[in-house]
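Structure first, then comments.
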Amino acid sequence: MLHHHRRFAVTVVPSLEELTEKLTQYTWTLCTCFEYQGLLLANDSFSEDGAQEYAVYHEGREIESLTVSWMTRARLQEVIETLLRGEYEAYGPVAPLHTEPASEHRCSVCQ
């Protein structure tokens with residue numbers, strides 16, 4: 001996670017298909033975070049106009065960094081399924097990710 005100072009608006013996504021569509025078909029504000037089956041995918045991009053990079057957290061630890069702009073929807077689905085199976089090496093320290101429900105979130109990035 002490059003942007004530790006950000007506060008993220010968390011949106012729970014009910015299906016892998018919806019998550020992969022959101023990540024590969026749209027560009028999101030820098031405070032966007034998606035939750036899917038215990039994974040948090042926090043927008044770690046430098047700008048909305050650049051490559052869309054997401055830090056992936058599980059149980060408070062960063063486990064992966066994904067440049068979703070460079071992935072097909074099918075490839076992203078494969079990667080997320082692998083992470084859900086626990087096939088990763090946690091490489092980031094346990095660090096707080098500042099999150100709040102999307103319905104309560106307000107910040108200068110998204111307003």
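Identifiers in this document derive from the order of the structure tokens: chains are assigned A, B, ..., residues are numbered from 1 separately in each chain, and ligands are numbered from 1 in order of occurrence.
Near region 44-52 of chain A, within a cut-off of 6 Å and counting only C-alpha atoms, sit the residues A:Ala55, A:Thr67, A:Val68, A:Ser69, with same-chain residues fewer than 3 positions away left out.
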Counting only C-alpha atoms, which residues in region 60-81 of chain A sit no more than 10 Å from region 14-27 of chain A? For each one, give the nearest pair of atoms and the distance in Å, sorted by chain then residue number, as JSON lines.
{"residue": "A:Thr67", "atom": "CA", "partner": "A:Leu23", "partner_atom": "CA", "distance": 9.9}
{"residue": "A:Val68", "atom": "CA", "partner": "A:Thr24", "partner_atom": "CA", "distance": 6.2}
{"residue": "A:Ser69", "atom": "CA", "partner": "A:Thr24", "partner_atom": "CA", "distance": 6.4}
{"residue": "A:Trp70", "atom": "CA", "partner": "A:Thr24", "partner_atom": "CA", "distance": 8.7}
{"residue": "A:Met71", "atom": "CA", "partner": "A:Thr24", "partner_atom": "CA", "distance": 7.4}
{"residue": "A:Thr72", "atom": "CA", "partner": "A:Thr24", "partner_atom": "CA", "distance": 7.0}
{"residue": "A:Arg73", "atom": "CA", "partner": "A:Thr20", "partner_atom": "CA", "distance": 5.7}
{"residue": "A:Ala74", "atom": "CA", "partner": "A:Thr20", "partner_atom": "CA", "distance": 8.1}
{"residue": "A:Arg75", "atom": "CA", "partner": "A:Thr20", "partner_atom": "CA", "distance": 9.3}
{"residue": "A:Leu76", "atom": "CA", "partner": "A:Thr20", "partner_atom": "CA", "distance": 6.5}
{"residue": "A:Gln77", "atom": "CA", "partner": "A:Thr20", "partner_atom": "CA", "distance": 6.3}
{"residue": "A:Ile80", "atom": "CA", "partner": "A:Leu16", "partner_atom": "CA", "distance": 8.3}
{"residue": "A:Glu81", "atom": "CA", "partner": "A:Leu16", "partner_atom": "CA", "distance": 8.6}
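Using only C-alpha atoms for every distance, the candidate list A:Gln37, A:Glu53, A:Ala42, A:Gly60 yields A:Ala42 as the residue closest to Arg7 (chain A).
Counting from CA of Glu64 (chain A), the distance to CA of Tyr88 (chain A) is 7.7 Å.
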One decimal place gives the CA of Thr11 (chain A)-CA of Tyr36 (chain A) separation as 8.8 Å
What parts of chain A does DSSP call alpha helix (DSSP H)? I'd like the answer as a PyMOL selection string.
chain A and resi 16-25+73-84
Between A:Val13, A:Cys31, A:Gly38, A:Glu78, which one has atoms that come closest to His105 (chain A), using only C-alpha atoms?
A:Cys31
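CA of Pro101 (chain A) sits 23.2 Å away from CA of Leu83 (chain A).
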